[in-house]
$ cat run-v1.pdb   # PDB, C-alpha atoms and all ligand atoms
ATOM      1  CA  MET A 148    -203.493  68.113  75.925
ATOM      2  CA  THR A 149    -200.790  65.624  76.932
ATOM      3  CA  LYS A 150    -203.435  62.919  77.187
ATOM      4  CA  ASP A 151    -204.618  63.747  73.644
ATOM      5  CA  LYS A 152    -201.070  63.549  72.313
ATOM      6  CA  ASP A 153    -200.496  60.270  74.121
ATOM      7  CA  LEU A 154    -203.677  58.865  72.657
ATOM      8  CA  GLU A 155    -202.681  60.057  69.177
ATOM      9  CA  LYS A 156    -199.273  58.441  69.582
ATOM     10  CA  PHE A 157    -200.856  55.222  70.769
ATOM     11  CA  GLN A 158    -203.275  55.189  67.810
ATOM     12  CA  LYS A 159    -200.431  55.743  65.329
ATOM     13  CA  ALA A 160    -198.338  52.988  66.879
ATOM     14  CA  LEU A 161    -201.315  50.623  66.852
ATOM     15  CA  GLN A 162    -202.098  51.412  63.209
ATOM     16  CA  GLU A 163    -198.454  50.836  62.277
ATOM     17  CA  GLN A 164    -198.519  47.530  64.125
ATOM     18  CA  ILE A 165    -201.669  46.434  62.274
ATOM     19  CA  LEU A 166    -200.161  47.464  58.927
ATOM     20  CA  GLU A 167    -196.942  45.640  59.725
ATOM     21  CA  GLN A 168    -198.951  42.496  60.430
ATOM     22  CA  ALA A 169    -201.048  42.960  57.265
ATOM     23  CA  ARG A 170    -197.910  43.296  55.104
ATOM     24  CA  LYS A 171    -196.957  39.750  56.048
ATOM     25  CA  GLU A 172    -200.120  38.424  54.399
ATOM     26  CA  TYR A 173    -201.220  41.009  51.843
ATOM     27  CA  SER A 174    -199.595  42.761  48.887
ATOM     28  CA  GLU A 175    -199.129  46.538  48.759
ATOM     29  CA  GLU A 176    -201.875  46.692  46.074
ATOM     30  CA  VAL A 177    -204.329  45.091  48.488
ATOM     31  CA  ILE A 178    -203.346  47.232  51.469
ATOM     32  CA  GLU A 179    -203.350  50.449  49.461
ATOM     33  CA  ARG A 180    -206.927  49.854  48.220
ATOM     34  CA  TRP A 181    -208.026  48.679  51.629
ATOM     35  CA  MET A 182    -206.783  51.961  53.146
ATOM     36  CA  ASN A 183    -207.987  54.117  50.198
ATOM     37  CA  PRO A 184    -210.910  52.394  48.495
ATOM     38  CA  ARG A 185    -212.004  53.969  45.192
ATOM     39  CA  ASN A 186    -215.416  54.155  43.515
ATOM     40  CA  MET A 187    -217.387  53.691  46.739
ATOM     41  CA  GLY A 188    -221.017  54.738  46.848
ATOM     42  CA  LYS A 189    -224.328  54.232  45.102
ATOM     43  CA  ILE A 190    -225.473  55.563  41.733
ATOM     44  CA  ASP A 191    -229.051  56.830  41.532
ATOM     45  CA  ASN A 192    -231.050  55.069  38.827
ATOM     46  CA  PRO A 193    -228.155  52.924  37.596
ATOM     47  CA  ASP A 194    -228.262  51.140  34.239
ATOM     48  CA  GLY A 195    -227.042  48.027  36.007
ATOM     49  CA  TYR A 196    -227.200  46.814  39.583
ATOM     50  CA  GLY A 197    -225.882  43.618  41.125
ATOM     51  CA  LYS A 198    -225.943  42.374  44.693
ATOM     52  CA  VAL A 199    -224.361  39.148  45.865
ATOM     53  CA  VAL A 200    -224.017  37.709  49.367
ATOM     54  CA  GLY A 201    -220.827  35.697  49.722
ATOM     55  CA  VAL A 202    -220.258  32.402  51.508
ATOM     56  CA  CYS A 203    -219.079  34.348  54.579
ATOM     57  CA  GLY A 204    -222.299  36.410  54.708
ATOM     58  CA  ASP A 205    -220.673  39.627  53.426
ATOM     59  CA  THR A 206    -222.355  41.553  50.630
ATOM     60  CA  ILE A 207    -221.147  43.577  47.662
ATOM     61  CA  GLU A 208    -223.490  45.764  45.640
ATOM     62  CA  ILE A 209    -222.291  47.117  42.277
ATOM     63  CA  PHE A 210    -223.808  50.019  40.367
ATOM     64  CA  ILE A 211    -223.151  50.762  36.689
ATOM     65  CA  ARG A 212    -223.882  53.834  34.580
ATOM     66  CA  MET A 213    -223.511  53.346  30.851
ATOM     67  CA  GLU A 214    -222.771  55.902  28.155
ATOM     68  CA  GLN A 215    -223.728  54.156  24.914
ATOM     69  CA  ASP A 216    -221.705  50.941  25.101
ATOM     70  CA  THR A 217    -219.103  52.223  27.578
ATOM     71  CA  ILE A 218    -219.174  51.751  31.343
ATOM     72  CA  ALA A 219    -218.890  55.419  32.293
ATOM     73  CA  GLU A 220    -219.175  54.819  36.036
ATOM     74  CA  CYS A 221    -218.945  51.730  38.179
ATOM     75  CA  THR A 222    -219.294  51.977  41.962
ATOM     76  CA  PHE A 223    -219.826  49.691  44.921
ATOM     77  CA  VAL A 224    -220.898  49.428  48.523
ATOM     78  CA  THR A 225    -220.000  46.575  50.831
ATOM     79  CA  ASP A 226    -220.228  45.502  54.435
ATOM     80  CA  GLY A 227    -217.261  43.185  53.933
ATOM     81  CA  CYS A 228    -213.690  42.975  55.162
ATOM     82  CA  GLY A 229    -210.584  44.916  54.077
ATOM     83  CA  ALA A 230    -209.821  42.384  51.330
ATOM     84  CA  THR A 231    -213.368  42.824  50.035
ATOM     85  CA  LEU A 232    -212.844  46.581  49.816
ATOM     86  CA  SER A 233    -209.689  45.950  47.765
ATOM     87  CA  CYS A 234    -211.378  43.408  45.478
ATOM     88  CA  ALA A 235    -214.459  45.547  44.871
ATOM     89  CA  THR A 236    -212.260  48.581  44.207
ATOM     90  CA  MET A 237    -210.216  46.563  41.693
ATOM     91  CA  ALA A 238    -213.343  45.174  39.986
ATOM     92  CA  THR A 239    -214.777  48.674  39.521
ATOM     93  CA  GLU A 240    -211.419  50.071  38.356
ATOM     94  CA  LEU A 241    -211.128  47.294  35.771
ATOM     95  CA  ALA A 242    -214.708  47.748  34.534
ATOM     96  CA  GLN A 243    -214.773  51.530  34.322
ATOM     97  CA  GLY A 244    -214.030  52.895  30.848
ATOM     98  CA  ARG A 245    -214.433  49.513  29.165
ATOM     99  CA  SER A 246    -217.183  48.462  26.800
ATOM    100  CA  PHE A 247    -219.812  46.055  28.074
ATOM    101  CA  GLN A 248    -218.252  43.160  26.127
ATOM    102  CA  GLU A 249    -214.699  43.990  27.258
ATOM    103  CA  ALA A 250    -215.741  44.127  30.907
ATOM    104  CA  LEU A 251    -217.575  40.827  30.601
ATOM    105  CA  ALA A 252    -214.534  39.207  29.000
ATOM    106  CA  THR A 253    -211.909  40.848  31.229
ATOM    107  CA  VAL A 254    -213.113  41.106  34.804
ATOM    108  CA  SER A 255    -212.911  37.706  36.460
ATOM    109  CA  THR A 256    -211.857  36.358  39.845
ATOM    110  CA  ASP A 257    -208.469  35.346  38.404
ATOM    111  CA  VAL A 258    -207.807  38.780  36.906
ATOM    112  CA  ILE A 259    -208.778  40.548  40.153
ATOM    113  CA  LEU A 260    -206.465  38.238  42.110
ATOM    114  CA  LYS A 261    -203.637  38.718  39.619
ATOM    115  CA  LYS A 262    -203.945  42.515  39.581
ATOM    116  CA  LEU A 263    -203.958  42.581  43.388
ATOM    117  CA  GLY A 264    -200.839  40.438  43.586
ATOM    118  CA  GLY A 265    -202.797  37.530  45.060
ATOM    119  CA  LEU A 266    -204.665  36.977  48.321
ATOM    120  CA  PRO A 267    -204.362  34.443  51.123
ATOM    121  CA  GLU A 268    -206.473  31.324  50.471
ATOM    122  CA  SER A 269    -208.947  32.389  53.152
ATOM    123  CA  ASN A 270    -209.708  35.610  51.187
ATOM    124  CA  VAL A 271    -210.014  34.205  47.656
ATOM    125  CA  HIS A 272    -213.808  34.221  48.084
ATOM    126  CA  CYS A 273    -213.641  38.038  48.432
ATOM    127  CA  ALA A 274    -212.404  38.258  44.820
ATOM    128  CA  GLN A 275    -215.101  35.779  43.731
ATOM    129  CA  LEU A 276    -217.722  37.915  45.435
ATOM    130  CA  ALA A 277    -216.469  41.058  43.631
ATOM    131  CA  SER A 278    -216.438  39.427  40.177
ATOM    132  CA  GLN A 279    -219.847  37.794  40.707
ATOM    133  CA  SER A 280    -221.385  41.090  41.826
ATOM    134  CA  LEU A 281    -219.979  42.817  38.757
ATOM    135  CA  ARG A 282    -221.357  40.075  36.486
ATOM    136  CA  HIS A 283    -224.787  40.432  38.082
ATOM    137  CA  ALA A 284    -224.649  44.190  37.441
ATOM    138  CA  LEU A 285    -223.604  43.585  33.813
ATOM    139  CA  ALA A 286    -226.424  41.072  33.377
ATOM    140  CA  ASP A 287    -228.793  43.721  34.746
ATOM    141  CA  VAL A 288    -227.525  46.225  32.142
ATOM    142  CA  LEU A 289    -228.490  43.736  29.444
ATOM    143  CA  HIS A 290    -231.789  42.932  31.108
ATOM    144  CA  HIS A 291    -232.574  46.610  31.495
ATOM    145  CA  ARG A 292    -231.789  47.294  27.834
ATOM    146  CA  GLN A 293    -234.053  44.506  26.671
ATOM    147  CA  ALA A 294    -236.862  45.356  29.100
ATOM    148  CA  PRO A 295    -236.323  48.824  30.615
ATOM    149  CA  TRP A 296    -239.476  48.564  32.726
ATOM    150  CA  LYS A 297    -237.916  45.631  34.640
ATOM    151  CA  GLN A 298    -234.959  47.500  36.160
ATOM    152  CA  THR A 299    -233.719  45.522  39.180
ATOM    153  CA  TYR A 300    -232.573  48.359  41.421
ATOM    154  CA  ARG A 301    -235.201  50.477  43.065
ATOM    155  CA  LYS A 302    -234.320  53.533  45.131
ATOM    156  CA  THR A 303    -235.366  53.024  48.725
TER     157      THR A 303
HETATM  158 FE1  LIG B 401    -216.183  37.722  53.301
HETATM  159 FE2  LIG B 401    -214.139  39.189  52.527
HETATM  160  S1  LIG B 401    -216.002  38.874  51.508
HETATM  161  S2  LIG B 401    -214.299  37.956  54.301
END

$ encode --input "run-v1.pdb" --output "structure tokens"
Amino acid sequence: MTKDKDLEKFQKALQEQILEQARKEYSEEVIERWMNPRNMGKIDNPDGYGKVVGVCGDTIEIFIRMEQDTIAECTFVTDGCGATLSCATMATELAQGRSFQEALATVSTDVILKKLGGLPESNVHCAQLASQSLRHALADVLHHRQAPWKQTYRKT
């Protein structure tokens, strides 16, 4: 029992130490989404699907479900870093509830960075990866509408 408590204490102290270090480089918006990512997961038979591999080798996949012209649901999966989780969360939050045109016009790398309170230079590509993945998913919505039999995403 004492060992368990010691381990728990050690884990808490370590987590606090990591957070303390992260706060020196990242905003609260970034850390909060990194710790509590939203809109994670896949959508079965999405209306739009986008997958992009970033310069670092990390991947973001975005899934969109439309209701008429509104993005009713926008989700993601990634194998990327904490900053990628924050950027993908922000991209999906910004897209959800908007019309196709609004999302296309609104969600960009700059807007994601601005809403997150910025990122260190070495993580700017995480925001680029999130916005590119979203744009691919939006392009797939259009593609799917024009030629429904050519839907990009196939359930595996
Ligand atoms: Fe590669 Fe974040 S996407 S480090």

$ atom_distance --input "run-v1.pdb" --atom1 "atom CA of A:Arg282" --atom2 "atom CA of A:Leu251"
7.0 Å

$ axis_aligned_box --input "run-v1.pdb" --around "ligand LIG 401 (chain B)" --padding-each-side "4 Å" --output "AutoDock Vina command-line options"
--center_x -215.2 --center_y 38.5 --center_z 52.9 --size_x 10.0 --size_y 9.5 --size_z 10.8

$ closest_residue --input "run-v1.pdb" --among "A:Ala284, A:Val202, A:Ala235, A:Leu154" --to "A:Leu260" --atoms "all atoms listed in the file"
A:Ala235

$ closest_atom_pairs --input "run-v1.pdb" --of "chain A" --to "ligand LIG 401 (chain B)" --cutoff "10 Å" --atoms "all atoms listed in the file" --output "CSV"
residue,atom,partner,partner_atom,distance
A:Val200,CA,B:LIG401,S1,8.4
A:Gly201,CA,B:LIG401,S1,6.0
A:Val202,CA,B:LIG401,FE1,6.9
A:Cys203,CA,B:LIG401,FE1,4.6
A:Gly204,CA,B:LIG401,FE1,6.4
A:Asp205,CA,B:LIG401,FE1,4.9
A:Thr206,CA,B:LIG401,S1,7.0
A:Ile207,CA,B:LIG401,S1,8.0
A:Thr225,CA,B:LIG401,S1,8.7
A:Asp226,CA,B:LIG401,S1,8.4
A:Gly227,CA,B:LIG401,S1,5.1
A:Cys228,CA,B:LIG401,FE2,4.6
A:Gly229,CA,B:LIG401,FE2,6.9
A:Ala230,CA,B:LIG401,FE2,5.5
A:Thr231,CA,B:LIG401,FE2,4.5
A:Leu232,CA,B:LIG401,FE2,8.0
A:Ser233,CA,B:LIG401,FE2,9.4
A:Cys234,CA,B:LIG401,FE2,8.7
A:Ala235,CA,B:LIG401,S1,9.5
A:Ser269,CA,B:LIG401,S2,7.8
A:Asn270,CA,B:LIG401,FE2,5.9
A:Val271,CA,B:LIG401,FE2,8.1
A:His272,CA,B:LIG401,S1,6.2
A:Cys273,CA,B:LIG401,S1,4.0
A:Ala274,CA,B:LIG401,S1,7.6
A:Gln275,CA,B:LIG401,S1,8.4
A:Leu276,CA,B:LIG401,S1,6.4
A:Ala277,CA,B:LIG401,S1,8.2

$ resolve_selection --input "run-v1.pdb" --expression "the PyMOL selection byres (((chain A and resi 286) around 12) and not hetatm)" --output "PDB file with C-alpha atoms, in the coordinates of the input"
ATOM      1  CA  ASP A 194    -228.262  51.140  34.239  1.00  0.00           C
ATOM      2  CA  GLY A 195    -227.042  48.027  36.007  1.00  0.00           C
ATOM      3  CA  TYR A 196    -227.200  46.814  39.583  1.00  0.00           C
ATOM      4  CA  GLY A 197    -225.882  43.618  41.125  1.00  0.00           C
ATOM      5  CA  LYS A 198    -225.943  42.374  44.693  1.00  0.00           C
ATOM      6  CA  ILE A 209    -222.291  47.117  42.277  1.00  0.00           C
ATOM      7  CA  PHE A 210    -223.808  50.019  40.367  1.00  0.00           C
ATOM      8  CA  ILE A 211    -223.151  50.762  36.689  1.00  0.00           C
ATOM      9  CA  PHE A 247    -219.812  46.055  28.074  1.00  0.00           C
ATOM     10  CA  GLN A 248    -218.252  43.160  26.127  1.00  0.00           C
ATOM     11  CA  ALA A 250    -215.741  44.127  30.907  1.00  0.00           C
ATOM     12  CA  LEU A 251    -217.575  40.827  30.601  1.00  0.00           C
ATOM     13  CA  GLN A 279    -219.847  37.794  40.707  1.00  0.00           C
ATOM     14  CA  SER A 280    -221.385  41.090  41.826  1.00  0.00           C
ATOM     15  CA  LEU A 281    -219.979  42.817  38.757  1.00  0.00           C
ATOM     16  CA  ARG A 282    -221.357  40.075  36.486  1.00  0.00           C
ATOM     17  CA  HIS A 283    -224.787  40.432  38.082  1.00  0.00           C
ATOM     18  CA  ALA A 284    -224.649  44.190  37.441  1.00  0.00           C
ATOM     19  CA  LEU A 285    -223.604  43.585  33.813  1.00  0.00           C
ATOM     20  CA  ASP A 287    -228.793  43.721  34.746  1.00  0.00           C
ATOM     21  CA  VAL A 288    -227.525  46.225  32.142  1.00  0.00           C
ATOM     22  CA  LEU A 289    -228.490  43.736  29.444  1.00  0.00           C
ATOM     23  CA  HIS A 290    -231.789  42.932  31.108  1.00  0.00           C
ATOM     24  CA  HIS A 291    -232.574  46.610  31.495  1.00  0.00           C
ATOM     25  CA  ARG A 292    -231.789  47.294  27.834  1.00  0.00           C
ATOM     26  CA  GLN A 293    -234.053  44.506  26.671  1.00  0.00           C
ATOM     27  CA  GLN A 298    -234.959  47.500  36.160  1.00  0.00           C
ATOM     28  CA  THR A 299    -233.719  45.522  39.180  1.00  0.00           C
TER      29      THR A 299
END

$ resolve_selection --input "run-v1.pdb" --expression "the PyMOL selection byres (((chain A and resi 164-175) around 12) and not hetatm)" --output "ChimeraX atom specification"
/A:157-163,176-183,229-230,233,260-271

$ write_last_selection --input "run-v1.pdb" --atoms "C-alpha atoms" --output "PDB file, in the frame of the given file"
ATOM      1  CA  PHE A 157    -200.856  55.222  70.769  1.00  0.00           C
ATOM      2  CA  GLN A 158    -203.275  55.189  67.810  1.00  0.00           C
ATOM      3  CA  LYS A 159    -200.431  55.743  65.329  1.00  0.00           C
ATOM      4  CA  ALA A 160    -198.338  52.988  66.879  1.00  0.00           C
ATOM      5  CA  LEU A 161    -201.315  50.623  66.852  1.00  0.00           C
ATOM      6  CA  GLN A 162    -202.098  51.412  63.209  1.00  0.00           C
ATOM      7  CA  GLU A 163    -198.454  50.836  62.277  1.00  0.00           C
ATOM      8  CA  GLU A 176    -201.875  46.692  46.074  1.00  0.00           C
ATOM      9  CA  VAL A 177    -204.329  45.091  48.488  1.00  0.00           C
ATOM     10  CA  ILE A 178    -203.346  47.232  51.469  1.00  0.00           C
ATOM     11  CA  GLU A 179    -203.350  50.449  49.461  1.00  0.00           C
ATOM     12  CA  ARG A 180    -206.927  49.854  48.220  1.00  0.00           C
ATOM     13  CA  TRP A 181    -208.026  48.679  51.629  1.00  0.00           C
ATOM     14  CA  MET A 182    -206.783  51.961  53.146  1.00  0.00           C
ATOM     15  CA  ASN A 183    -207.987  54.117  50.198  1.00  0.00           C
ATOM     16  CA  GLY A 229    -210.584  44.916  54.077  1.00  0.00           C
ATOM     17  CA  ALA A 230    -209.821  42.384  51.330  1.00  0.00           C
ATOM     18  CA  SER A 233    -209.689  45.950  47.765  1.00  0.00           C
ATOM     19  CA  LEU A 260    -206.465  38.238  42.110  1.00  0.00           C
ATOM     20  CA  LYS A 261    -203.637  38.718  39.619  1.00  0.00           C
ATOM     21  CA  LYS A 262    -203.945  42.515  39.581  1.00  0.00           C
ATOM     22  CA  LEU A 263    -203.958  42.581  43.388  1.00  0.00           C
ATOM     23  CA  GLY A 264    -200.839  40.438  43.586  1.00  0.00           C
ATOM     24  CA  GLY A 265    -202.797  37.530  45.060  1.00  0.00           C
ATOM     25  CA  LEU A 266    -204.665  36.977  48.321  1.00  0.00           C
ATOM     26  CA  PRO A 267    -204.362  34.443  51.123  1.00  0.00           C
ATOM     27  CA  GLU A 268    -206.473  31.324  50.471  1.00  0.00           C
ATOM     28  CA  SER A 269    -208.947  32.389  53.152  1.00  0.00           C
ATOM     29  CA  ASN A 270    -209.708  35.610  51.187  1.00  0.00           C
ATOM     30  CA  VAL A 271    -210.014  34.205  47.656  1.00  0.00           C
TER      31      VAL A 271
END
